[in-house]
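Dumped my_file-v1.cif below, it's mmCIF, C-alpha atoms:
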```cif
data_upload
#
loop_
_atom_site.group_PDB
_atom_site.id
_atom_site.type_symbol
_atom_site.label_atom_id
_atom_site.label_comp_id
_atom_site.auth_asym_id
_atom_site.auth_seq_id
_atom_site.Cartn_x
_atom_site.Cartn_y
_atom_site.Cartn_z
ATOM 1 C CA MET A 1323 52.638 -31.313 -17.758
ATOM 2 C CA MET A 1324 51.759 -28.011 -16.134
ATOM 3 C CA GLY A 1325 51.734 -27.865 -12.355
ATOM 4 C CA ILE A 1326 49.304 -26.032 -10.112
ATOM 5 C CA ASP A 1327 52.008 -23.505 -9.191
ATOM 6 C CA GLU A 1328 52.420 -22.557 -12.855
ATOM 7 C CA ILE A 1329 48.655 -22.176 -13.299
ATOM 8 C CA LEU A 1330 48.411 -20.001 -10.185
ATOM 9 C CA LYS A 1331 51.268 -17.856 -11.521
ATOM 10 C CA LEU A 1332 49.338 -17.383 -14.797
ATOM 11 C CA ILE A 1333 46.245 -16.317 -12.843
ATOM 12 C CA GLU A 1334 48.379 -13.867 -10.875
ATOM 13 C CA ILE A 1335 49.754 -12.387 -14.115
ATOM 14 C CA LEU A 1336 46.223 -11.995 -15.453
ATOM 15 C CA GLN A 1337 45.091 -10.192 -12.288
ATOM 16 C CA GLU A 1338 48.066 -7.816 -12.245
ATOM 17 C CA THR A 1339 47.769 -6.724 -15.879
ATOM 18 C CA ASP A 1340 45.130 -5.456 -18.275
ATOM 19 C CA VAL A 1341 45.234 -8.726 -20.212
ATOM 20 C CA GLN A 1342 41.693 -10.086 -20.670
ATOM 21 C CA GLU A 1343 42.521 -13.615 -21.810
ATOM 22 C CA LEU A 1344 45.581 -15.846 -21.650
ATOM 23 C CA GLU A 1345 46.156 -19.188 -23.366
ATOM 24 C CA VAL A 1346 49.261 -21.298 -22.770
ATOM 25 C CA ALA A 1347 50.155 -24.669 -24.288
ATOM 26 C CA LYS A 1348 52.868 -26.882 -22.837
ATOM 27 C CA GLY A 1349 53.261 -30.389 -24.200
ATOM 28 C CA ASP A 1350 49.879 -32.109 -24.236
ATOM 29 C CA TRP A 1351 48.420 -29.560 -21.814
ATOM 30 C CA LYS A 1352 46.599 -26.430 -22.869
ATOM 31 C CA VAL A 1353 45.288 -23.859 -20.375
ATOM 32 C CA ARG A 1354 43.038 -20.923 -21.199
ATOM 33 C CA ILE A 1355 42.300 -18.322 -18.535
ATOM 34 C CA ALA A 1356 39.900 -15.451 -19.213
ATOM 35 C CA ARG A 1357 38.907 -12.492 -17.108
ATOM 36 C CA VAL A 1358 35.156 -12.388 -16.490
ATOM 37 C CA MET A 1359 33.795 -8.880 -16.673
ATOM 38 C CA PRO A 1360 30.651 -8.052 -14.700
ATOM 39 C CA ALA A 1361 27.590 -8.067 -16.891
ATOM 40 C CA GLN A 1362 26.407 -4.646 -17.917
ATOM 41 C CA ALA A 1363 22.771 -3.783 -18.281
ATOM 42 C CA PRO A 1364 21.762 -3.525 -21.918
ATOM 43 C CA GLN A 1365 21.422 0.048 -23.038
ATOM 44 C CA ALA A 1366 18.226 1.117 -24.687
ATOM 45 C CA VAL A 1367 18.751 2.295 -28.215
ATOM 46 C CA SER A 1368 16.248 4.831 -29.384
ATOM 47 C CA GLY A 1369 15.687 5.396 -33.033
ATOM 48 C CA PRO A 1370 14.181 8.406 -34.708
ATOM 49 C CA PRO A 1371 10.585 9.036 -33.716
ATOM 50 C CA ALA A 1372 8.062 7.369 -35.950
ATOM 51 C CA ALA A 1373 6.157 9.595 -38.312
ATOM 52 C CA PRO A 1374 2.551 10.062 -37.254
ATOM 53 C CA VAL A 1375 0.155 7.905 -39.190
ATOM 54 C CA PRO A 1376 -2.694 9.944 -40.617
ATOM 55 C CA ALA A 1377 -6.097 8.842 -39.444
ATOM 56 C CA ALA A 1378 -8.065 6.928 -42.008
ATOM 57 C CA VAL A 1379 -10.623 9.132 -43.684
ATOM 58 C CA SER A 1380 -13.988 7.524 -43.335
ATOM 59 C CA GLU A 1381 -17.317 8.504 -44.711
ATOM 60 C CA ALA A 1382 -19.564 10.423 -42.388
ATOM 61 C CA ALA A 1383 -20.989 8.033 -39.860
ATOM 62 C CA PRO A 1384 -24.752 8.023 -39.607
ATOM 63 C CA ALA A 1385 -26.033 9.947 -36.631
ATOM 64 C CA ALA A 1386 -26.743 7.775 -33.638
ATOM 65 C CA PRO A 1387 -30.408 7.435 -32.844
ATOM 66 C CA SER A 1388 -31.359 9.771 -30.036
ATOM 67 C CA ASN A 1389 -32.293 8.082 -26.816
ATOM 68 C CA SER A 1390 -32.206 8.819 -23.140
ATOM 69 C CA HIS A 1391 -28.839 7.122 -22.590
ATOM 70 C CA VAL A 1392 -25.587 9.005 -22.274
ATOM 71 C CA GLU A 1393 -22.625 7.518 -24.127
ATOM 72 C CA ILE A 1394 -19.420 7.510 -22.095
ATOM 73 C CA VAL A 1395 -16.224 7.194 -24.098
ATOM 74 C CA SER A 1396 -13.346 5.789 -22.086
ATOM 75 C CA PRO A 1397 -9.644 5.978 -22.934
ATOM 76 C CA MET A 1398 -9.218 2.619 -21.187
ATOM 77 C CA VAL A 1399 -11.147 -0.576 -21.611
ATOM 78 C CA GLY A 1400 -11.725 -2.660 -18.535
ATOM 79 C CA THR A 1401 -14.244 -4.541 -16.465
ATOM 80 C CA PHE A 1402 -16.996 -2.678 -14.643
ATOM 81 C CA TYR A 1403 -18.004 -3.912 -11.204
ATOM 82 C CA ARG A 1404 -21.173 -2.538 -9.627
ATOM 83 C CA SER A 1405 -20.161 -3.914 -6.232
ATOM 84 C CA ALA A 1406 -17.122 -5.210 -4.399
ATOM 85 C CA GLU A 1407 -18.484 -8.766 -4.324
ATOM 86 C CA PRO A 1408 -21.165 -10.565 -6.351
ATOM 87 C CA ASP A 1409 -23.642 -10.669 -3.421
ATOM 88 C CA ALA A 1410 -22.812 -7.215 -2.005
ATOM 89 C CA ASP A 1411 -24.856 -4.039 -2.449
ATOM 90 C CA PRO A 1412 -23.863 -1.916 -5.458
ATOM 91 C CA PHE A 1413 -21.550 1.049 -4.911
ATOM 92 C CA VAL A 1414 -24.151 3.392 -6.422
ATOM 93 C CA ASN A 1415 -27.829 2.852 -7.158
ATOM 94 C CA GLU A 1416 -29.833 4.451 -9.937
ATOM 95 C CA ASN A 1417 -31.083 7.957 -9.099
ATOM 96 C CA ASP A 1418 -28.573 8.407 -6.232
#
```
Can you turn what I pasted into structure tokens?
Amino acid sequence: MMGIDEILKLIEILQETDVQELEVAKGDWKVRIARVMPAQAPQAVSGPPAAPVPAAVSEAAPAAPSNSHVEIVSPMVGTFYRSAEPDADPFVNEND
């Protein structure tokens, strides 16, 4: 049987050396002591840049019918709110 003093001595040896793991067997007893290293943040691995994908060639789109509306193309899609609250006055009125 291994006593607490012997186990503490093994821990001391582990702390004083560069040994990362120590396993000792004595009779029916087996003790394994390992040094726990602080977790490191995973490093981002960047691969080669992806080749640009050519835009699909489409047939000429038919011209949009002319009307009095102005089409606004947005780089972002979202929700449009005319006012801060459903019952509140709109931020901007037509012809302002």
**Item:** Point-to-point distance in Å for CA of Phe1413 in chain A and CA of Ile1394 in chain A
**Value:**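 Those two atoms sit 18.5 Å apart.
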**Item:** A:Val1392, A:Ile1335, A:Met1324, A:Ala1373 ranked by distance to Val1353 in chain A, top pick (using all atoms listed in the file)
**Value:** A:Met1324
**Prompt:** Where does the PyMOL selection byres ((chain A and resi 1345) around 10) land in this file, that is, which residues does it pick, as a list in words?
**Reply:**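 Listing what the PyMOL selection byres ((chain A and resi 1345) around 10) selects in the shown file: Leu1332, Glu1343, Leu1344, Val1346, Ala1347, Lys1352, Val1353, Arg1354, Ile1355 and Ala1356 of chain A.
Between CA of Arg1404 in chain A and CA of Ser1390 in chain A there is a distance of 20.8 Å.
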Hey, can I get the axis-aligned box for range 1347-1357 of chain A? All listed atoms, 8 Å padding on each side, centre and edge lengths in Å to one decimal, as AutoDock Vina command-line options.
```
--center_x 46.1 --center_y -22.3 --center_z -20.7 --size_x 30.4 --size_y 35.6 --size_z 23.2
```
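Of note, CA of Asp1409 in chain A and CA of Val1395 in chain A are spaced 28.3 Å apart.
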**Exercise: Ser1405 in chain A partners within 12 Å, all atoms listed in the file, chain neighbours under 5 positions left out, as an NGL selection string** = :A and (1410-1415)
**Asked** Restricting the calculation to only C-alpha atoms, which member of A:Asp1418, A:Pro1408, A:Arg1357, A:Lys1348 is positioned closest to Ile1333 in chain A?
**Response** A:Arg1357
**Asked** Using all atoms listed in the file, which residue out of A:Gln1365, A:Phe1402, A:Trp1351, A:Glu1407 lies closest to Ile1329 in chain A?
**Response**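 Closest to Ile1329 in chain A of all the choices is A:Trp1351.
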